[in-house]
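J.: To start, I am sharing the structure in question, which I have written as structure tokens.
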Amino acid sequence: MRRMTQITILIVLFGLLESTCRGDYFDADYIVLLHGLARSKQSMSRLEARLSAEGFRVLNIDYPSRSKGIQALAEETIKQAILCCRDKGAKKIHFVTHSMGGILVRCYLKQHDLPELGRVVMLSPPNGGSEVVDMFRDWSFFRWVNGPAGEELGTDQNSLPKKLGPVDFELGVITGDRSLNLLLSCIIPGPDDGKVSVRSAKVKGMKDFLVIHTSHPFIMQNLKVIEQTAHFLKQGKFIDEPPKNRLRRADQEEDL
């Protein structure tokens, strides 16, 4: 009888340990990671590892970014992520996004209330659209590579990002000013990261804004960006940076 009791205790402990290793925590803060257009969750793996080490429960989402328009992707992807977090007992749900992933979050939150919503960090988001899309959206190769969602990310007033309006949640934006594609940068006015201008990364209502010397494809893997992301999620602001990177709130929105 005693042996059976010991075996039962071991089974229960093993089950709890296994659950913990899988990240099945309850009453916790969860972070949903959303990759950008034509990328995969692997691009967010370094960020996932760091945020997990910081004590967050991280849900790194893979979604078919080239298959549908932004609104359809937002409804399917974010709704499923929220349900998953709720099933695990999440009290707070934060989001960290790269590029178009940020537009999915804005699109979803424009249509739905999320009582558990925590903080949001967007990395190189095309909040004001991208001139690259303006230039190439009618090219068949562009449509084939980027799908329906890519065509919606222009800078004209009919583009989806421009229709979403100001944000009303706690948002920090980090963007880059280093380009790996000088041809595309010739199309984009002002400082840019090769896909999105510094100006277009901004959005009215954001709480903090930061420019890091990194490029659009690799911003989510930059160690300084990862450190700043973790800090904003915990403190609601970025770590102080030199004045050229850190803009006063009045300056952040003056050209929007």
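Just so we're on the same page: first chain in the structure tokens is A, next is B, and so on; residues restart at 1 for each chain, and ligands are numbered from 1 in the order they show up.
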If you run DSSP on the backbone, which residues of range 147-238 of chain A are strand (DSSP E or B), as a list of chain:residue names?
T.: A:Glu170, A:Leu171, A:Gly172, A:Val173, A:Ile174, A:Thr175, A:Gly176, A:Asp192, A:Ser197, A:Asp208, A:Phe209, A:Leu210, A:Val211, A:Ile212
J.: Could you pull out the alpha helix (DSSP H) residues of range 34-73 of chain A, going by DSSP on the backbone, and write them as JSON, numbers by chain?
T.: {"A": [45, 46, 47, 48, 49, 50, 51, 52, 53, 70, 71, 72, 73]}
J.: Store the residues of this selection in a file with N, CA and C atoms, as a PDB file, in the first residue's frame.
T.:
ATOM      1  N   SER A  45      12.606  33.110 -33.071  1.00  0.00           N
ATOM      2  CA  SER A  45      13.053  32.125 -32.081  1.00  0.00           C
ATOM      3  C   SER A  45      14.012  32.715 -31.042  1.00  0.00           C
ATOM      4  N   ARG A  46      14.907  33.605 -31.445  1.00  0.00           N
ATOM      5  CA  ARG A  46      15.822  34.209 -30.464  1.00  0.00           C
ATOM      6  C   ARG A  46      15.045  35.076 -29.480  1.00  0.00           C
ATOM      7  N   LEU A  47      14.095  35.811 -29.985  1.00  0.00           N
ATOM      8  CA  LEU A  47      13.228  36.622 -29.130  1.00  0.00           C
ATOM      9  C   LEU A  47      12.423  35.731 -28.190  1.00  0.00           C
ATOM     10  N   GLU A  48      11.922  34.627 -28.706  1.00  0.00           N
ATOM     11  CA  GLU A  48      11.163  33.675 -27.891  1.00  0.00           C
ATOM     12  C   GLU A  48      12.008  33.157 -26.729  1.00  0.00           C
ATOM     13  N   ALA A  49      13.236  32.789 -27.015  1.00  0.00           N
ATOM     14  CA  ALA A  49      14.118  32.240 -25.977  1.00  0.00           C
ATOM     15  C   ALA A  49      14.398  33.267 -24.884  1.00  0.00           C
ATOM     16  N   ARG A  50      14.670  34.505 -25.256  1.00  0.00           N
ATOM     17  CA  ARG A  50      14.989  35.543 -24.269  1.00  0.00           C
ATOM     18  C   ARG A  50      13.776  35.868 -23.399  1.00  0.00           C
ATOM     19  N   LEU A  51      12.611  36.008 -24.021  1.00  0.00           N
ATOM     20  CA  LEU A  51      11.416  36.356 -23.252  1.00  0.00           C
ATOM     21  C   LEU A  51      11.011  35.214 -22.319  1.00  0.00           C
ATOM     22  N   SER A  52      11.236  33.984 -22.771  1.00  0.00           N
ATOM     23  CA  SER A  52      10.967  32.837 -21.901  1.00  0.00           C
ATOM     24  C   SER A  52      11.906  32.859 -20.701  1.00  0.00           C
ATOM     25  N   ALA A  53      13.165  33.197 -20.946  1.00  0.00           N
ATOM     26  CA  ALA A  53      14.140  33.279 -19.855  1.00  0.00           C
ATOM     27  C   ALA A  53      13.804  34.397 -18.872  1.00  0.00           C
ATOM     28  N   ILE A  70      -5.203  40.883 -44.862  1.00  0.00           N
ATOM     29  CA  ILE A  70      -4.822  41.146 -43.475  1.00  0.00           C
ATOM     30  C   ILE A  70      -5.966  40.902 -42.511  1.00  0.00           C
ATOM     31  N   GLN A  71      -7.169  41.352 -42.848  1.00  0.00           N
ATOM     32  CA  GLN A  71      -8.283  41.191 -41.917  1.00  0.00           C
ATOM     33  C   GLN A  71      -8.591  39.729 -41.656  1.00  0.00           C
ATOM     34  N   ALA A  72      -8.588  38.919 -42.713  1.00  0.00           N
ATOM     35  CA  ALA A  72      -8.850  37.488 -42.542  1.00  0.00           C
ATOM     36  C   ALA A  72      -7.753  36.828 -41.720  1.00  0.00           C
ATOM     37  N   LEU A  73      -6.511  37.196 -41.971  1.00  0.00           N
ATOM     38  CA  LEU A  73      -5.395  36.644 -41.204  1.00  0.00           C
ATOM     39  C   LEU A  73      -5.492  37.034 -39.731  1.00  0.00           C
TER      40      LEU A  73
END
J.: In Å, with one decimal, what is the gap from CA of His94 in chain A to CA of Leu210 in chain A?
T.: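 Taking CA of His94 in chain A as the start and CA of Leu210 in chain A as the end point, the length is 18.8 Å.
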J.: Using only C-alpha atoms, determine which residues lie at most 10 Å from Val132 in chain A, disregarding the query and same-chain residues fewer than 3 positions distant; provide the list as a tab-separated table (two decimals) with all heavy atoms, in the first residue's frame.
T.:
chain	number	residue	atom	x	y	z
A	129	GLY	N	2.27	52.42	-43.76
A	129	GLY	CA	2.46	51.79	-45.06
A	129	GLY	C	3.90	51.86	-45.53
A	129	GLY	O	4.78	52.39	-44.84
A	135	MET	N	5.24	51.14	-55.13
A	135	MET	CA	6.00	51.00	-56.37
A	135	MET	C	5.76	49.66	-57.06
A	135	MET	O	5.63	49.60	-58.29
A	135	MET	CB	7.50	51.17	-56.07
A	135	MET	CG	8.42	50.97	-57.26
A	135	MET	SD	8.25	52.27	-58.51
A	135	MET	CE	8.98	53.67	-57.65
A	136	PHE	N	5.66	48.58	-56.28
A	136	PHE	CA	5.69	47.25	-56.88
A	136	PHE	C	4.40	46.43	-56.76
A	136	PHE	O	4.35	45.31	-57.25
A	136	PHE	CB	6.84	46.43	-56.25
A	136	PHE	CG	8.20	47.00	-56.53
A	136	PHE	CD1	8.95	47.55	-55.49
A	136	PHE	CD2	8.72	47.02	-57.80
A	136	PHE	CE1	10.21	48.08	-55.73
A	136	PHE	CE2	9.99	47.55	-58.05
A	136	PHE	CZ	10.74	48.08	-57.01
A	137	ARG	N	3.35	46.96	-56.16
A	137	ARG	CA	2.16	46.16	-55.90
A	137	ARG	C	1.50	45.62	-57.17
A	137	ARG	O	0.84	44.59	-57.13
A	137	ARG	CB	1.13	46.96	-55.10
A	137	ARG	CG	0.59	48.16	-55.81
A	137	ARG	CD	-0.79	48.64	-55.30
A	137	ARG	NE	-0.99	48.63	-53.91
A	137	ARG	CZ	-1.11	49.70	-53.12
A	137	ARG	NH1	-1.03	50.92	-53.66
A	137	ARG	NH2	-1.36	49.58	-51.83
A	153	LEU	N	-0.53	47.10	-48.00
A	153	LEU	CA	0.38	47.82	-47.13
A	153	LEU	C	0.99	49.06	-47.78
A	153	LEU	O	2.10	49.46	-47.44
A	153	LEU	CB	1.49	46.88	-46.65
A	153	LEU	CG	1.03	45.71	-45.79
A	153	LEU	CD1	2.18	44.76	-45.51
A	153	LEU	CD2	0.44	46.21	-44.47
A	154	GLY	N	0.27	49.68	-48.70
A	154	GLY	CA	0.76	50.90	-49.33
A	154	GLY	C	0.61	52.11	-48.42
A	154	GLY	O	0.15	52.01	-47.28
A	155	THR	N	1.00	53.28	-48.94
A	155	THR	CA	0.97	54.51	-48.13
A	155	THR	C	-0.20	55.42	-48.47
A	155	THR	O	-0.38	56.46	-47.83
A	155	THR	CB	2.27	55.31	-48.33
A	155	THR	OG1	2.36	55.74	-49.69
A	155	THR	CG2	3.49	54.47	-47.98
A	184	LEU	N	15.88	49.64	-52.75
A	184	LEU	CA	14.59	49.94	-52.12
A	184	LEU	C	14.67	51.22	-51.30
A	184	LEU	O	13.70	51.99	-51.25
A	184	LEU	CB	14.15	48.77	-51.23
A	184	LEU	CG	13.83	47.45	-51.94
A	184	LEU	CD1	13.34	46.42	-50.94
A	184	LEU	CD2	12.80	47.65	-53.04
A	185	SER	N	15.80	51.46	-50.69
A	185	SER	CA	15.94	52.67	-49.87
A	185	SER	C	15.88	53.94	-50.72
A	185	SER	O	15.52	55.01	-50.22
A	185	SER	CB	17.25	52.63	-49.09
A	185	SER	OG	17.19	51.64	-48.08
A	186	CYS	N	16.21	53.83	-52.00
A	186	CYS	CA	16.10	54.99	-52.90
A	186	CYS	C	14.63	55.37	-53.12
A	186	CYS	O	14.33	56.51	-53.46
A	186	CYS	CB	16.76	54.68	-54.25
A	186	CYS	SG	18.56	54.59	-54.18
A	187	ILE	N	13.75	54.41	-52.93
A	187	ILE	CA	12.31	54.65	-53.11
A	187	ILE	C	11.70	55.27	-51.86
A	187	ILE	O	10.74	56.03	-51.94
A	187	ILE	CB	11.59	53.33	-53.44
A	187	ILE	CG1	12.17	52.72	-54.72
A	187	ILE	CG2	10.09	53.50	-53.55
A	187	ILE	CD1	11.70	51.30	-54.97
A	188	ILE	N	12.27	54.95	-50.71
A	188	ILE	CA	11.70	55.33	-49.42
A	188	ILE	C	12.27	56.68	-48.97
A	188	ILE	O	13.48	56.83	-48.89
A	188	ILE	CB	12.01	54.26	-48.36
A	188	ILE	CG1	11.51	52.89	-48.82
A	188	ILE	CG2	11.38	54.62	-47.02
A	188	ILE	CD1	11.98	51.74	-47.94
A	194	GLY	N	15.17	49.65	-44.98
A	194	GLY	CA	15.17	48.86	-46.20
A	194	GLY	C	13.79	48.47	-46.68
A	194	GLY	O	13.61	48.06	-47.82
A	195	LYS	N	12.80	48.58	-45.82
A	195	LYS	CA	11.41	48.27	-46.19
A	195	LYS	C	10.44	49.35	-45.72
A	195	LYS	O	9.48	49.66	-46.42
A	195	LYS	CB	10.99	46.93	-45.55
A	195	LYS	CG	11.71	45.70	-46.08
A	195	LYS	CD	11.26	45.35	-47.49
A	195	LYS	CE	11.95	44.08	-47.98
A	195	LYS	NZ	11.51	42.88	-47.23
A	196	VAL	N	10.70	49.91	-44.55
A	196	VAL	CA	9.78	50.87	-43.93
A	196	VAL	C	10.57	52.08	-43.45
A	196	VAL	O	11.63	51.93	-42.84
A	196	VAL	CB	9.04	50.22	-42.73
A	196	VAL	CG1	8.12	51.24	-42.04
A	196	VAL	CG2	8.23	49.02	-43.18
J.: Would you pick out the contacts of His231 in chain A at 12 Å or less, using only C-alpha atoms, so that residues sharing its chain but fewer than 3 positions from it are not included, and give the list as a CSV table (one decimal) with all heavy atoms, in the first residue's frame?
T.:
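What landed in selection19.csv:
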chain,number,residue,atom,x,y,z
A,50,ARG,N,14.7,34.5,-25.3
A,50,ARG,CA,15.0,35.5,-24.3
A,50,ARG,C,13.8,35.9,-23.4
A,50,ARG,O,13.9,36.0,-22.2
A,50,ARG,CB,15.5,36.8,-25.0
A,50,ARG,CG,15.6,38.0,-24.1
A,50,ARG,CD,16.6,37.8,-22.9
A,50,ARG,NE,16.6,38.9,-22.0
A,50,ARG,CZ,17.3,40.0,-22.1
A,50,ARG,NH1,18.2,40.2,-23.2
A,50,ARG,NH2,17.3,41.0,-21.3
A,51,LEU,N,12.6,36.0,-24.0
A,51,LEU,CA,11.4,36.4,-23.3
A,51,LEU,C,11.0,35.2,-22.3
A,51,LEU,O,10.5,35.4,-21.2
A,51,LEU,CB,10.3,36.7,-24.2
A,51,LEU,CG,10.5,38.0,-25.0
A,51,LEU,CD1,9.3,38.2,-26.0
A,51,LEU,CD2,10.7,39.2,-24.1
A,54,GLU,N,13.1,35.4,-19.3
A,54,GLU,CA,12.7,36.5,-18.5
A,54,GLU,C,11.5,36.2,-17.6
A,54,GLU,O,11.0,36.9,-16.8
A,54,GLU,CB,12.3,37.8,-19.3
A,54,GLU,CG,13.5,38.4,-20.0
A,54,GLU,CD,14.4,39.2,-19.1
A,54,GLU,OE1,13.9,39.6,-18.0
A,54,GLU,OE2,15.6,39.4,-19.4
A,119,ARG,N,0.6,44.8,-22.8
A,119,ARG,CA,1.4,45.7,-23.6
A,119,ARG,C,1.7,45.1,-24.9
A,119,ARG,O,1.8,43.9,-25.1
A,119,ARG,CB,2.7,46.1,-22.8
A,119,ARG,CG,2.4,46.9,-21.6
A,119,ARG,CD,3.6,47.2,-20.8
A,119,ARG,NE,3.3,48.0,-19.6
A,119,ARG,CZ,3.7,47.8,-18.4
A,119,ARG,NH1,4.5,46.8,-18.1
A,119,ARG,NH2,3.3,48.7,-17.4
A,120,VAL,N,2.0,46.0,-25.9
A,120,VAL,CA,2.4,45.6,-27.3
A,120,VAL,C,3.7,46.2,-27.7
A,120,VAL,O,3.8,47.5,-27.5
A,120,VAL,CB,1.2,46.0,-28.2
A,120,VAL,CG1,1.6,45.5,-29.7
A,120,VAL,CG2,-0.1,45.4,-27.8
A,121,VAL,N,4.6,45.5,-28.3
A,121,VAL,CA,5.8,46.0,-28.9
A,121,VAL,C,5.8,45.6,-30.3
A,121,VAL,O,5.6,44.4,-30.7
A,121,VAL,CB,7.1,45.5,-28.2
A,121,VAL,CG1,8.3,46.0,-28.9
A,121,VAL,CG2,7.1,45.8,-26.7
A,172,GLY,N,4.7,50.2,-27.6
A,172,GLY,CA,6.0,50.7,-27.9
A,172,GLY,C,6.5,50.3,-29.2
A,172,GLY,O,6.2,49.1,-29.6
A,208,ASP,N,5.7,54.9,-26.6
A,208,ASP,CA,7.2,55.2,-26.7
A,208,ASP,C,7.7,54.7,-28.0
A,208,ASP,O,7.0,53.9,-28.7
A,208,ASP,CB,7.9,54.4,-25.6
A,208,ASP,CG,9.2,55.1,-25.1
A,208,ASP,OD1,9.7,56.0,-25.9
A,208,ASP,OD2,9.8,54.7,-24.1
A,224,LYS,N,20.1,44.3,-28.7
A,224,LYS,CA,19.6,45.5,-28.1
A,224,LYS,C,18.1,45.6,-28.2
A,224,LYS,O,17.4,46.1,-27.3
A,224,LYS,CB,20.3,46.7,-28.7
A,224,LYS,CG,19.9,48.0,-28.0
A,224,LYS,CD,20.6,49.2,-28.6
A,224,LYS,CE,22.0,49.3,-28.2
A,224,LYS,NZ,22.7,50.6,-28.6
A,225,VAL,N,17.6,45.3,-29.4
A,225,VAL,CA,16.1,45.3,-29.6
A,225,VAL,C,15.4,44.4,-28.7
A,225,VAL,O,14.4,44.7,-28.1
A,225,VAL,CB,15.8,45.0,-31.1
A,225,VAL,CG1,14.3,44.8,-31.3
A,225,VAL,CG2,16.3,46.1,-32.0
A,226,ILE,N,16.0,43.2,-28.5
A,226,ILE,CA,15.4,42.2,-27.6
A,226,ILE,C,15.4,42.7,-26.2
A,226,ILE,O,14.4,42.5,-25.5
A,226,ILE,CB,16.1,40.8,-27.8
A,226,ILE,CG1,15.9,40.2,-29.2
A,226,ILE,CG2,15.7,39.9,-26.7
A,226,ILE,CD1,16.7,39.0,-29.4
A,227,GLU,N,16.5,43.3,-25.8
A,227,GLU,CA,16.6,43.8,-24.4
A,227,GLU,C,15.5,44.9,-24.2
A,227,GLU,O,14.8,45.0,-23.2
A,227,GLU,CB,18.0,44.4,-24.2
A,227,GLU,CG,18.2,45.0,-22.8
A,227,GLU,CD,19.5,45.6,-22.6
A,227,GLU,OE1,20.2,45.8,-23.6
A,227,GLU,OE2,19.9,45.9,-21.4
A,228,GLN,N,15.4,45.8,-25.2
A,228,GLN,CA,14.4,46.9,-25.1
A,228,GLN,C,13.0,46.4,-25.1
A,228,GLN,O,12.1,46.9,-24.4
A,228,GLN,CB,14.6,47.9,-26.2
A,228,GLN,CG,15.9,48.7,-26.2
A,228,GLN,CD,15.8,49.8,-25.2
A,228,GLN,OE1,14.9,50.0,-24.4
A,228,GLN,NE2,16.8,50.7,-25.2
A,234,LYS,N,7.8,44.8,-19.3
A,234,LYS,CA,7.8,44.9,-17.9
A,234,LYS,C,7.5,46.2,-17.3
A,234,LYS,O,6.8,46.4,-16.3
A,234,LYS,CB,9.2,44.4,-17.3
A,234,LYS,CG,9.4,42.9,-17.6
A,234,LYS,CD,10.8,42.5,-17.0
A,234,LYS,CE,11.0,41.0,-17.1
A,234,LYS,NZ,12.3,40.6,-16.5
A,235,GLN,N,8.1,47.3,-17.9
A,235,GLN,CA,8.0,48.6,-17.3
A,235,GLN,C,7.1,49.6,-18.1
A,235,GLN,O,6.8,50.7,-17.6
A,235,GLN,CB,9.4,49.2,-17.3
A,235,GLN,CG,10.4,48.4,-16.5
A,235,GLN,CD,10.1,48.2,-15.1
A,235,GLN,OE1,9.5,49.1,-14.5
A,235,GLN,NE2,10.5,47.1,-14.5
A,236,GLY,N,6.7,49.3,-19.3
A,236,GLY,CA,5.9,50.2,-20.1
A,236,GLY,C,6.6,51.3,-20.7
A,236,GLY,O,6.0,52.3,-21.2
A,237,LYS,N,7.9,51.2,-20.8
A,237,LYS,CA,8.8,52.2,-21.5
A,237,LYS,C,10.1,51.5,-21.8
A,237,LYS,O,10.5,50.5,-21.3
A,237,LYS,CB,9.0,53.4,-20.5
A,237,LYS,CG,9.8,53.0,-19.3
A,237,LYS,CD,10.0,54.3,-18.4
A,237,LYS,CE,10.8,53.9,-17.1
A,237,LYS,NZ,11.0,55.1,-16.3
A,238,PHE,N,10.8,52.2,-22.8
A,238,PHE,CA,12.1,51.7,-23.2
A,238,PHE,C,13.2,52.2,-22.3
A,238,PHE,O,13.0,53.2,-21.6
A,238,PHE,CB,12.4,52.1,-24.7
A,238,PHE,CG,11.5,51.4,-25.7
A,238,PHE,CD1,10.8,52.2,-26.6
A,238,PHE,CD2,11.3,50.1,-25.7
A,238,PHE,CE1,9.9,51.6,-27.5
A,238,PHE,CE2,10.4,49.5,-26.6
A,238,PHE,CZ,9.7,50.2,-27.5
A,239,ILE,N,14.3,51.5,-22.3
A,239,ILE,CA,15.5,52.0,-21.5
A,239,ILE,C,16.0,53.3,-22.2
A,239,ILE,O,16.0,53.4,-23.4
A,239,ILE,CB,16.6,50.9,-21.5
A,239,ILE,CG1,16.0,49.6,-21.0
A,239,ILE,CG2,17.8,51.4,-20.8
A,239,ILE,CD1,17.0,48.4,-21.2
A,240,ASP,N,16.5,54.2,-21.4
A,240,ASP,CA,17.0,55.5,-22.0
A,240,ASP,C,18.1,55.2,-23.0
A,240,ASP,O,19.0,54.4,-22.8
A,240,ASP,CB,17.5,56.4,-20.9
A,240,ASP,CG,16.4,57.0,-20.1
A,240,ASP,OD1,15.3,57.1,-20.6
A,240,ASP,OD2,16.7,57.4,-18.9
J.: Using only C-alpha atoms, determine which residues lie at most 7 Å from Pro126 in chain A, disregarding the query and same-chain residues fewer than 3 positions distant; provide the list as a short mmCIF file (atom, residue, chain, number, x, y, z; two decimals) with all heavy atoms, in the first residue's frame.
T.:
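What landed in out_20.cif:
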data_model
loop_
_atom_site.label_atom_id
_atom_site.label_comp_id
_atom_site.auth_asym_id
_atom_site.auth_seq_id
_atom_site.Cartn_x
_atom_site.Cartn_y
_atom_site.Cartn_z
N SER A 99 7.02 43.64 -38.27
CA SER A 99 6.50 44.10 -39.56
C SER A 99 4.98 43.99 -39.65
O SER A 99 4.26 44.56 -38.83
CB SER A 99 7.20 43.33 -40.69
OG SER A 99 6.97 43.94 -41.93
N MET A 100 4.47 43.22 -40.61
CA MET A 100 3.03 43.12 -40.82
C MET A 100 2.29 42.52 -39.64
O MET A 100 1.08 42.74 -39.46
CB MET A 100 2.72 42.30 -42.08
CG MET A 100 1.26 42.35 -42.50
SD MET A 100 0.92 41.31 -43.93
CE MET A 100 0.90 39.67 -43.17
N GLY A 129 2.27 52.42 -43.76
CA GLY A 129 2.46 51.79 -45.06
C GLY A 129 3.90 51.86 -45.53
O GLY A 129 4.78 52.39 -44.84
N SER A 130 4.15 51.31 -46.71
CA SER A 130 5.50 51.31 -47.28
C SER A 130 5.47 51.74 -48.75
O SER A 130 4.64 51.26 -49.53
CB SER A 130 6.12 49.91 -47.18
OG SER A 130 7.36 49.85 -47.86
N VAL A 196 10.70 49.91 -44.55
CA VAL A 196 9.78 50.87 -43.93
C VAL A 196 10.57 52.08 -43.45
O VAL A 196 11.63 51.93 -42.84
CB VAL A 196 9.04 50.22 -42.73
CG1 VAL A 196 8.12 51.24 -42.04
CG2 VAL A 196 8.23 49.02 -43.18
N SER A 200 7.15 56.13 -41.13
CA SER A 200 6.00 55.24 -41.32
C SER A 200 5.84 54.21 -40.22
O SER A 200 4.78 53.60 -40.09
CB SER A 200 6.11 54.52 -42.68
OG SER A 200 5.85 55.41 -43.74
N ALA A 201 6.88 54.01 -39.43
CA ALA A 201 6.76 53.07 -38.31
C ALA A 201 5.93 53.65 -37.17
O ALA A 201 5.36 52.92 -36.37
CB ALA A 201 8.14 52.69 -37.79
#
J.: For CA of Ala38 in chain A and CA of Val145 in chain A, determine how far apart the two atoms are, in Å to one decimal place.
T.: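 Pair CA of Ala38 in chain A / CA of Val145 in chain A returns 7.5 Å.
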J.: Work out how far apart CA of Ser43 in chain A and CA of His216 in chain A are and give it in Å to one decimal.
T.: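 Between CA of Ser43 in chain A and CA of His216 in chain A the gap works out to 11.8 Å.
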J.: So, with only C-alpha atoms as the atoms that count, which of A:Ala90, A:Val173, A:Val167, A:Cys85 lies closest to Thr229 in chain A?
T.: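 That would be A:Val173, the residue with the smallest distance to Thr229 in chain A.
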